[in-house]
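As stored in model08.pdb (PDB, C-alpha atoms):
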```pdb
MODEL        1
ATOM      1  CA  TRP S 283      21.545   8.997   1.960  1.00  0.00           C
ATOM      2  CA  LEU S 284      20.512  11.057  -1.057  1.00  0.00           C
ATOM      3  CA  GLN S 285      21.388   8.288  -3.493  1.00  0.00           C
ATOM      4  CA  GLY S 286      18.219   7.250  -5.303  1.00  0.00           C
ATOM      5  CA  TYR S 287      16.376  10.393  -4.249  1.00  0.00           C
ATOM      6  CA  TYR S 288      18.003  12.913  -6.572  1.00  0.00           C
ATOM      7  CA  LEU S 289      15.183  12.802  -9.131  1.00  0.00           C
ATOM      8  CA  PRO S 290      12.202  13.191  -6.747  1.00  0.00           C
ATOM      9  CA  LEU S 291      14.010  15.935  -4.827  1.00  0.00           C
ATOM     10  CA  SER S 292      14.845  17.779  -8.021  1.00  0.00           C
ATOM     11  CA  PHE S 293      11.215  17.501  -9.154  1.00  0.00           C
ATOM     12  CA  LEU S 294      10.056  18.948  -5.841  1.00  0.00           C
ATOM     13  CA  ILE S 295      12.419  21.905  -6.273  1.00  0.00           C
ATOM     14  CA  VAL S 296      11.271  22.551  -9.832  1.00  0.00           C
ATOM     15  CA  PHE S 297       7.570  22.197  -9.001  1.00  0.00           C
ATOM     16  CA  PHE S 298       7.948  24.482  -5.991  1.00  0.00           C
ATOM     17  CA  SER S 299       9.711  27.108  -8.105  1.00  0.00           C
ATOM     18  CA  LEU S 300       6.961  26.968 -10.738  1.00  0.00           C
ATOM     19  CA  ALA S 301       4.225  27.076  -8.092  1.00  0.00           C
ATOM     20  CA  VAL S 302       5.666  30.216  -6.503  1.00  0.00           C
ATOM     21  CA  PHE S 303       5.479  32.149  -9.777  1.00  0.00           C
ATOM     22  CA  TYR S 304       2.026  30.888 -10.715  1.00  0.00           C
ATOM     23  CA  PHE S 305       0.673  31.616  -7.234  1.00  0.00           C
ATOM     24  CA  ARG S 306       2.163  35.114  -7.265  1.00  0.00           C
ATOM     25  CA  PHE S 307       0.687  35.811 -10.696  1.00  0.00           C
ATOM     26  CA  GLU S 308      -2.695  34.404  -9.637  1.00  0.00           C
ATOM     27  CA  ARG S 309      -2.881  36.868  -6.748  1.00  0.00           C
ATOM     28  CA  LYS S 310      -2.304  39.883  -8.995  1.00  0.00           C
ATOM     29  CA  LYS S 311      -5.244  41.749 -10.492  1.00  0.00           C
ATOM     30  CA  VAL S 312      -4.633  41.091 -14.175  1.00  0.00           C
ATOM     31  CA  ARG S 313      -7.211  42.176 -16.724  1.00  0.00           C
ATOM     32  CA  VAL S 314      -8.757  39.577 -18.988  1.00  0.00           C
ATOM     33  CA  GLU S 315      -6.943  41.135 -21.950  1.00  0.00           C
ATOM     34  CA  GLY S 316      -3.625  40.522 -20.196  1.00  0.00           C
ATOM     35  CA  VAL S 317      -4.390  36.864 -19.570  1.00  0.00           C
ATOM     36  CA  VAL S 318      -5.462  36.452 -23.187  1.00  0.00           C
ATOM     37  CA  LEU S 319      -2.267  38.098 -24.425  1.00  0.00           C
ATOM     38  CA  ILE S 320      -0.116  35.784 -22.300  1.00  0.00           C
ATOM     39  CA  ALA S 321      -2.058  32.802 -23.646  1.00  0.00           C
ATOM     40  CA  VAL S 322      -1.595  34.001 -27.225  1.00  0.00           C
ATOM     41  CA  LEU S 323       2.148  34.545 -26.779  1.00  0.00           C
ATOM     42  CA  ALA S 324       2.533  31.130 -25.138  1.00  0.00           C
ATOM     43  CA  ALA S 325       0.600  29.536 -28.002  1.00  0.00           C
ATOM     44  CA  LEU S 326       2.776  31.317 -30.581  1.00  0.00           C
ATOM     45  CA  ALA S 327       5.915  30.179 -28.783  1.00  0.00           C
ATOM     46  CA  ALA S 328       4.596  26.611 -28.656  1.00  0.00           C
ATOM     47  CA  VAL S 329       3.542  26.543 -32.315  1.00  0.00           C
ATOM     48  CA  ALA S 330       6.901  28.003 -33.366  1.00  0.00           C
ATOM     49  CA  ARG S 331       8.623  25.033 -31.771  1.00  0.00           C
ATOM     50  CA  ILE S 332       6.708  22.329 -33.616  1.00  0.00           C
ATOM     51  CA  PRO S 333       7.902  22.858 -37.242  1.00  0.00           C
ATOM     52  CA  PHE S 334      11.521  22.895 -36.084  1.00  0.00           C
ATOM     53  CA  ALA S 335      11.236  19.729 -33.964  1.00  0.00           C
ATOM     54  CA  PRO S 336      13.149  17.630 -36.587  1.00  0.00           C
ATOM     55  CA  LEU S 337      16.110  20.028 -36.212  1.00  0.00           C
ATOM     56  CA  PRO S 338      17.705  19.237 -32.830  1.00  0.00           C
ATOM     57  CA  GLY S 339      18.538  22.335 -30.856  1.00  0.00           C
ATOM     58  CA  VAL S 340      16.774  24.884 -33.068  1.00  0.00           C
ATOM     59  CA  GLN S 341      14.252  26.547 -30.749  1.00  0.00           C
ATOM     60  CA  PRO S 342      12.284  29.579 -32.047  1.00  0.00           C
ATOM     61  CA  THR S 343      10.314  29.318 -28.806  1.00  0.00           C
ATOM     62  CA  SER S 344      13.207  30.962 -27.003  1.00  0.00           C
ATOM     63  CA  PHE S 345      12.971  34.037 -29.218  1.00  0.00           C
ATOM     64  CA  VAL S 346       9.270  34.554 -28.413  1.00  0.00           C
ATOM     65  CA  VAL S 347       9.902  34.023 -24.699  1.00  0.00           C
ATOM     66  CA  ILE S 348      12.798  36.500 -24.638  1.00  0.00           C
ATOM     67  CA  ALA S 349      10.774  39.098 -26.568  1.00  0.00           C
ATOM     68  CA  ALA S 350       7.898  38.729 -24.079  1.00  0.00           C
ATOM     69  CA  GLY S 351      10.254  39.257 -21.146  1.00  0.00           C
ATOM     70  CA  LEU S 352      11.871  42.303 -22.766  1.00  0.00           C
ATOM     71  CA  VAL S 353       8.558  44.064 -23.382  1.00  0.00           C
ATOM     72  CA  PHE S 354       6.329  42.952 -20.502  1.00  0.00           C
ATOM     73  CA  GLY S 355       8.805  42.202 -17.731  1.00  0.00           C
ATOM     74  CA  PRO S 356      10.051  39.211 -15.750  1.00  0.00           C
ATOM     75  CA  GLU S 357       6.760  37.770 -14.488  1.00  0.00           C
ATOM     76  CA  VAL S 358       5.116  37.730 -17.905  1.00  0.00           C
ATOM     77  CA  GLY S 359       8.317  36.379 -19.421  1.00  0.00           C
ATOM     78  CA  PHE S 360       8.271  33.505 -16.943  1.00  0.00           C
ATOM     79  CA  MET S 361       4.586  32.773 -17.539  1.00  0.00           C
ATOM     80  CA  VAL S 362       4.980  32.759 -21.322  1.00  0.00           C
ATOM     81  CA  GLY S 363       8.082  30.582 -21.165  1.00  0.00           C
ATOM     82  CA  SER S 364       6.735  27.969 -18.782  1.00  0.00           C
ATOM     83  CA  SER S 365       3.322  27.837 -20.469  1.00  0.00           C
ATOM     84  CA  SER S 366       4.825  27.446 -23.943  1.00  0.00           C
ATOM     85  CA  ALA S 367       6.734  24.335 -22.860  1.00  0.00           C
ATOM     86  CA  LEU S 368       3.594  22.845 -21.362  1.00  0.00           C
ATOM     87  CA  VAL S 369       1.460  23.551 -24.452  1.00  0.00           C
ATOM     88  CA  SER S 370       4.013  22.446 -27.060  1.00  0.00           C
ATOM     89  CA  ASN S 371       4.575  19.126 -25.299  1.00  0.00           C
ATOM     90  CA  PHE S 372       0.937  18.210 -25.848  1.00  0.00           C
ATOM     91  CA  PHE S 373       2.032  17.842 -29.489  1.00  0.00           C
ATOM     92  CA  LEU S 374       5.634  16.717 -29.030  1.00  0.00           C
ATOM     93  CA  GLY S 375       5.160  14.464 -26.033  1.00  0.00           C
ATOM     94  CA  HIS S 376       5.058  14.933 -22.259  1.00  0.00           C
ATOM     95  CA  GLY S 377       7.424  13.259 -19.880  1.00  0.00           C
ATOM     96  CA  PRO S 378       9.600  13.892 -16.824  1.00  0.00           C
ATOM     97  CA  TRP S 379      11.431  16.512 -18.887  1.00  0.00           C
ATOM     98  CA  THR S 380       8.356  18.773 -19.154  1.00  0.00           C
ATOM     99  CA  PRO S 381       8.666  20.512 -15.753  1.00  0.00           C
ATOM    100  CA  TRP S 382      12.340  21.128 -16.424  1.00  0.00           C
ATOM    101  CA  GLN S 383      11.578  22.659 -19.809  1.00  0.00           C
ATOM    102  CA  MET S 384       8.877  24.792 -18.185  1.00  0.00           C
ATOM    103  CA  PHE S 385      11.377  25.979 -15.603  1.00  0.00           C
ATOM    104  CA  GLY S 386      14.139  26.496 -18.189  1.00  0.00           C
ATOM    105  CA  TRP S 387      12.078  28.610 -20.582  1.00  0.00           C
ATOM    106  CA  GLY S 388      10.408  30.375 -17.664  1.00  0.00           C
ATOM    107  CA  LEU S 389      13.821  31.273 -16.282  1.00  0.00           C
ATOM    108  CA  MET S 390      14.833  32.550 -19.716  1.00  0.00           C
ATOM    109  CA  GLY S 391      11.847  34.900 -19.900  1.00  0.00           C
ATOM    110  CA  LEU S 392      12.338  35.961 -16.288  1.00  0.00           C
ATOM    111  CA  THR S 393      16.003  36.835 -16.826  1.00  0.00           C
ATOM    112  CA  ALA S 394      15.254  38.753 -20.028  1.00  0.00           C
ATOM    113  CA  GLY S 395      12.674  40.769 -18.119  1.00  0.00           C
ATOM    114  CA  LEU S 396      15.036  41.498 -15.240  1.00  0.00           C
ATOM    115  CA  LEU S 397      17.733  42.727 -17.627  1.00  0.00           C
ATOM    116  CA  ARG S 398      15.480  44.676 -20.009  1.00  0.00           C
ATOM    117  CA  ASN S 399      16.406  48.095 -18.592  1.00  0.00           C
ATOM    118  CA  ARG S 400      20.133  47.546 -19.002  1.00  0.00           C
ATOM    119  CA  ALA S 401      21.596  49.715 -21.743  1.00  0.00           C
ATOM    120  CA  TRP S 402      23.385  46.815 -23.422  1.00  0.00           C
ATOM    121  CA  MET S 403      20.187  44.746 -23.463  1.00  0.00           C
ATOM    122  CA  ASN S 404      18.538  47.349 -25.688  1.00  0.00           C
ATOM    123  CA  THR S 405      21.097  46.839 -28.431  1.00  0.00           C
ATOM    124  CA  ARG S 406      20.964  44.187 -31.115  1.00  0.00           C
ATOM    125  CA  ALA S 407      24.379  42.857 -30.114  1.00  0.00           C
ATOM    126  CA  GLY S 408      23.403  42.719 -26.448  1.00  0.00           C
ATOM    127  CA  GLN S 409      20.230  40.774 -27.132  1.00  0.00           C
ATOM    128  CA  ALA S 410      22.112  38.406 -29.412  1.00  0.00           C
ATOM    129  CA  ALA S 411      24.713  37.805 -26.693  1.00  0.00           C
ATOM    130  CA  PHE S 412      21.964  37.141 -24.154  1.00  0.00           C
ATOM    131  CA  GLY S 413      20.222  34.720 -26.535  1.00  0.00           C
ATOM    132  CA  PHE S 414      23.496  32.888 -27.162  1.00  0.00           C
ATOM    133  CA  ALA S 415      24.162  32.462 -23.439  1.00  0.00           C
ATOM    134  CA  ALA S 416      20.535  31.533 -22.738  1.00  0.00           C
ATOM    135  CA  GLY S 417      20.704  28.696 -25.266  1.00  0.00           C
ATOM    136  CA  PHE S 418      23.579  27.093 -23.386  1.00  0.00           C
ATOM    137  CA  VAL S 419      22.068  27.653 -19.936  1.00  0.00           C
ATOM    138  CA  PHE S 420      18.822  26.005 -21.054  1.00  0.00           C
ATOM    139  CA  GLY S 421      20.780  23.033 -22.414  1.00  0.00           C
ATOM    140  CA  TRP S 422      22.808  22.699 -19.211  1.00  0.00           C
ATOM    141  CA  LEU S 423      19.621  22.679 -17.158  1.00  0.00           C
ATOM    142  CA  MET S 424      18.199  19.876 -19.307  1.00  0.00           C
ATOM    143  CA  ASN S 425      21.481  17.970 -18.988  1.00  0.00           C
ATOM    144  CA  LEU S 426      21.124  18.226 -15.233  1.00  0.00           C
ATOM    145  CA  TRP S 427      17.708  16.559 -15.165  1.00  0.00           C
ATOM    146  CA  PHE S 428      18.973  13.809 -17.498  1.00  0.00           C
ATOM    147  CA  VAL S 429      21.949  12.990 -15.284  1.00  0.00           C
ATOM    148  CA  VAL S 430      19.917  13.228 -12.077  1.00  0.00           C
ATOM    149  CA  GLY S 431      17.180  11.012 -13.517  1.00  0.00           C
ATOM    150  CA  PHE S 432      19.216   8.209 -15.039  1.00  0.00           C
ATOM    151  CA  PHE S 433      22.610   7.958 -13.338  1.00  0.00           C
ATOM    152  CA  HIS S 434      23.463   7.130  -9.735  1.00  0.00           C
ATOM    153  CA  PRO S 435      25.564   8.057  -7.937  1.00  0.00           C
ATOM    154  CA  LEU S 436      26.173  11.511  -9.343  1.00  0.00           C
ATOM    155  CA  SER S 437      29.689  12.567 -10.209  1.00  0.00           C
ATOM    156  CA  TRP S 438      31.448  15.448 -11.908  1.00  0.00           C
ATOM    157  CA  GLN S 439      32.640  13.038 -14.607  1.00  0.00           C
ATOM    158  CA  LEU S 440      29.032  12.162 -15.506  1.00  0.00           C
ATOM    159  CA  LEU S 441      28.071  15.828 -15.658  1.00  0.00           C
ATOM    160  CA  LEU S 442      31.067  16.651 -17.827  1.00  0.00           C
ATOM    161  CA  THR S 443      30.257  13.777 -20.176  1.00  0.00           C
ATOM    162  CA  ALA S 444      26.630  14.889 -20.508  1.00  0.00           C
ATOM    163  CA  PHE S 445      27.602  18.519 -21.128  1.00  0.00           C
ATOM    164  CA  THR S 446      30.180  17.491 -23.722  1.00  0.00           C
ATOM    165  CA  ALA S 447      27.743  15.182 -25.540  1.00  0.00           C
ATOM    166  CA  SER S 448      25.115  17.936 -25.781  1.00  0.00           C
ATOM    167  CA  PHE S 449      27.496  20.683 -26.871  1.00  0.00           C
ATOM    168  CA  TYR S 450      26.479  20.753 -30.532  1.00  0.00           C
ATOM    169  CA  PHE S 451      22.762  20.722 -29.665  1.00  0.00           C
ATOM    170  CA  ASP S 452      23.272  23.567 -27.194  1.00  0.00           C
ATOM    171  CA  LEU S 453      25.328  25.423 -29.781  1.00  0.00           C
ATOM    172  CA  ALA S 454      22.523  25.023 -32.341  1.00  0.00           C
ATOM    173  CA  HIS S 455      20.067  26.448 -29.798  1.00  0.00           C
ATOM    174  CA  ALA S 456      22.387  29.365 -29.043  1.00  0.00           C
ATOM    175  CA  ILE S 457      22.995  30.176 -32.716  1.00  0.00           C
ATOM    176  CA  SER S 458      19.294  29.933 -33.581  1.00  0.00           C
ATOM    177  CA  ASN S 459      18.556  32.387 -30.757  1.00  0.00           C
ATOM    178  CA  VAL S 460      21.073  34.818 -32.225  1.00  0.00           C
ATOM    179  CA  PHE S 461      19.539  34.374 -35.681  1.00  0.00           C
ATOM    180  CA  PHE S 462      15.934  34.998 -34.638  1.00  0.00           C
ATOM    181  CA  LEU S 463      16.760  37.836 -32.255  1.00  0.00           C
ATOM    182  CA  THR S 464      18.948  39.622 -34.793  1.00  0.00           C
ATOM    183  CA  LEU S 465      16.374  39.414 -37.581  1.00  0.00           C
ATOM    184  CA  PHE S 466      13.064  39.781 -35.776  1.00  0.00           C
ATOM    185  CA  SER S 467      13.520  41.148 -32.253  1.00  0.00           C
ATOM    186  CA  ARG S 468      13.123  44.850 -33.124  1.00  0.00           C
ATOM    187  CA  GLN S 469       9.921  44.269 -35.095  1.00  0.00           C
ATOM    188  CA  TRP S 470       8.396  42.044 -32.418  1.00  0.00           C
ATOM    189  CA  GLN S 471       9.241  44.460 -29.639  1.00  0.00           C
ATOM    190  CA  LYS S 472       7.663  47.341 -31.552  1.00  0.00           C
ATOM    191  CA  ILE S 473       4.451  45.383 -32.122  1.00  0.00           C
ATOM    192  CA  LEU S 474       4.229  44.164 -28.525  1.00  0.00           C
ATOM    193  CA  THR S 475       5.086  47.595 -27.099  1.00  0.00           C
ATOM    194  CA  ARG S 476       2.439  49.239 -29.279  1.00  0.00           C
ATOM    195  CA  THR S 477      -0.097  46.694 -28.026  1.00  0.00           C
ATOM    196  CA  LYS S 478       0.889  47.319 -24.403  1.00  0.00           C
ATOM    197  CA  VAL S 479       0.675  51.117 -24.729  1.00  0.00           C
ATOM    198  CA  LYS S 480      -2.449  51.306 -26.880  1.00  0.00           C
ATOM    199  CA  PHE S 481      -4.564  48.946 -24.798  1.00  0.00           C
ATOM    200  CA  GLY S 482      -2.835  49.405 -21.428  1.00  0.00           C
ATOM    201  CA  ILE S 483      -2.178  45.683 -21.134  1.00  0.00           C
ATOM    202  CA  LEU S 484       0.250  44.194 -18.602  1.00  0.00           C
ATOM    203  CA  LYS S 485       1.888  47.485 -17.648  1.00  0.00           C
TER     204      LYS S 485
ENDMDL
END
```

Would you mind writing the file out in structure tokens?
Amino acid sequence: WLQGYYLPLSFLIVFFSLAVFYFRFERKKVRVEGVVLIAVLAALAAVARIPFAPLPGVQPTSFVVIAAGLVFGPEVGFMVGSSSALVSNFFLGHGPWTPWQMFGWGLMGLTAGLLRNRAWMNTRAGQAAFGFAAGFVFGWLMNLWFVVGFFHPLSWQLLLTAFTASFYFDLAHAISNVFFLTLFSRQWQKILTRTKVKFGILK
């Protein structure tokens, strides 16, 4: 009976997941400076995506989102990730993929925030490994919406075909995450941590 309803059901799940985080954040007493900082980080993540749009799979946005989660925690990481997808698509084009990108990048920032106190996550190699895995997970999530939206009935063969076809794009995303995290993560975390401590923002 689900045939033909996969896409609307999946959209409901994604929208509900996004709404839970936004509602939870809305109920918290966040200073104006904190909201502004989240907006700035989301804008930076969105702008970073635009120049690399001609290079499929290369996503500097992921680096900014991961850095936000590492410094400010899971909720801020989710907000920055989901907002950056929404903002950047005003320039690159909105469509049924937008909520999935919001959820994918939000999940990336959330996971980085949840793992930030792990010893291995505070090493360059650990962050690079996380970025590599996150690139593939994001790609798999986008593959899922593509298969759910355009192919009925669903089958494991269709999923395998979609995952295989996107492998090189997902690999490019994973490698670009490793590149940006290895070169710039320490500097970004120092700057963001100094901002958080000095101004008491988003503690």

Mind giving me the straight-line distance from atom CA of Phe360 of chain S to atom CA of Ala335 of chain S in Å, one decimal?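 That distance, rounded to one decimal, is 22.1 Å.
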
Given only C-alpha atoms as the counted atoms, nearest of S:Met384, S:Leu374, S:Ala394, S:Ala444 to Val329 of chain S: S:Leu374

Neighbour list for Pro342 of chain S as a PDB file with C-alpha atoms, in the frame of the given file, cut-off 6 Å, all atoms listed in the file, skip fewer than 3 positions in-chain:
```pdb
ATOM      1  CA  ALA S 330       6.901  28.003 -33.366  1.00  0.00           C
ATOM      2  CA  ARG S 331       8.623  25.033 -31.771  1.00  0.00           C
ATOM      3  CA  PHE S 345      12.971  34.037 -29.218  1.00  0.00           C
TER       4      PHE S 345
END
```

When distances are computed from all atoms listed in the file, which of S:Leu463, S:Leu441, S:Ala456, S:Ile320 shows the smallest separation from Gln409 of chain S?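 Among S:Leu463, S:Leu441, S:Ala456, S:Ile320, it is S:Leu463 that comes nearest to Gln409 of chain S.
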
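Shortest atom-to-atom contact with Ala416 of chain S among S:Asn371, S:Ser344, S:Ser366, S:Ser437: S:Ser344, counting all atoms listed in the file.
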
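Selection check: the PyMOL selection byres ((chain S and resi 350-354) around 6) on the shown file gives Val347, Ile348, Ala349, Gly355, Pro356, Val358, Gly359, Gly391, Ala394, Gly395 and Arg398 of chain S.
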
Please indicate the distance in Å from atom CA of Phe449 of chain S to atom CA of Phe385 of chain S, rounded to one decimal place.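 Computed distance, atom CA of Phe449 of chain S to atom CA of Phe385 of chain S, equals 20.4 Å.
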
Which residues fall under the PyMOL selection byres ((chain S and resi 411) around 12) in this file, as a ChimeraX atom specification? /S:394,402-410,412-418,456-461,463-464

Could you name the residues that touch segment 474-483 of chain S at 7 Å or less, counting only C-alpha atoms, but leaving out those on the same chain fewer than 2 positions away, as a PyMOL selection string? chain S and resi 315-316+353+470-472+485

Just to be explicit: take each residue in the selection above, keep C-alpha atoms, and write the result as a PDB file, keeping the file's coordinate frame.
```
ATOM      1  CA  GLU S 315      -6.943  41.135 -21.950  1.00  0.00           C
ATOM      2  CA  GLY S 316      -3.625  40.522 -20.196  1.00  0.00           C
ATOM      3  CA  VAL S 353       8.558  44.064 -23.382  1.00  0.00           C
ATOM      4  CA  TRP S 470       8.396  42.044 -32.418  1.00  0.00           C
ATOM      5  CA  GLN S 471       9.241  44.460 -29.639  1.00  0.00           C
ATOM      6  CA  LYS S 472       7.663  47.341 -31.552  1.00  0.00           C
ATOM      7  CA  LYS S 485       1.888  47.485 -17.648  1.00  0.00           C
TER       8      LYS S 485
END
```

For atom CA of Ala328 of chain S and atom CA of Val429 of chain S, determine how far apart the two atoms are, in Å to one decimal place.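 Atom CA of Val429 of chain S lies 25.8 Å from atom CA of Ala328 of chain S.
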
For Phe372 of chain S, which of S:Pro338, S:Ala325, S:Leu396, S:Gln439 is the closest residue, counting only C-alpha atoms? S:Ala325

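Residue nearest Ala301 of chain S, chosen from S:Val369, S:Met361, S:Ser448, S:Trp387 and counting only C-alpha atoms: S:Met361.
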
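Considering only C-alpha atoms, the residue among S:Gly386, S:Phe466, S:Phe451, S:Leu397 positioned nearest to Trp427 of chain S is S:Gly386.
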
Selection in question (the file shown): the PyMOL selection byres ((chain S and resi 379) around 10). Which residues does it include, as a CSV table (one decimal) with C-alpha atoms, in the frame of the given file?
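Printed below is out_14.csv as written:
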```csv
chain,number,residue,atom,x,y,z
S,293,PHE,CA,11.2,17.5,-9.2
S,367,ALA,CA,6.7,24.3,-22.9
S,371,ASN,CA,4.6,19.1,-25.3
S,375,GLY,CA,5.2,14.5,-26.0
S,376,HIS,CA,5.1,14.9,-22.3
S,377,GLY,CA,7.4,13.3,-19.9
S,378,PRO,CA,9.6,13.9,-16.8
S,380,THR,CA,8.4,18.8,-19.2
S,381,PRO,CA,8.7,20.5,-15.8
S,382,TRP,CA,12.3,21.1,-16.4
S,383,GLN,CA,11.6,22.7,-19.8
S,384,MET,CA,8.9,24.8,-18.2
S,424,MET,CA,18.2,19.9,-19.3
S,427,TRP,CA,17.7,16.6,-15.2
S,428,PHE,CA,19.0,13.8,-17.5
S,431,GLY,CA,17.2,11.0,-13.5
```
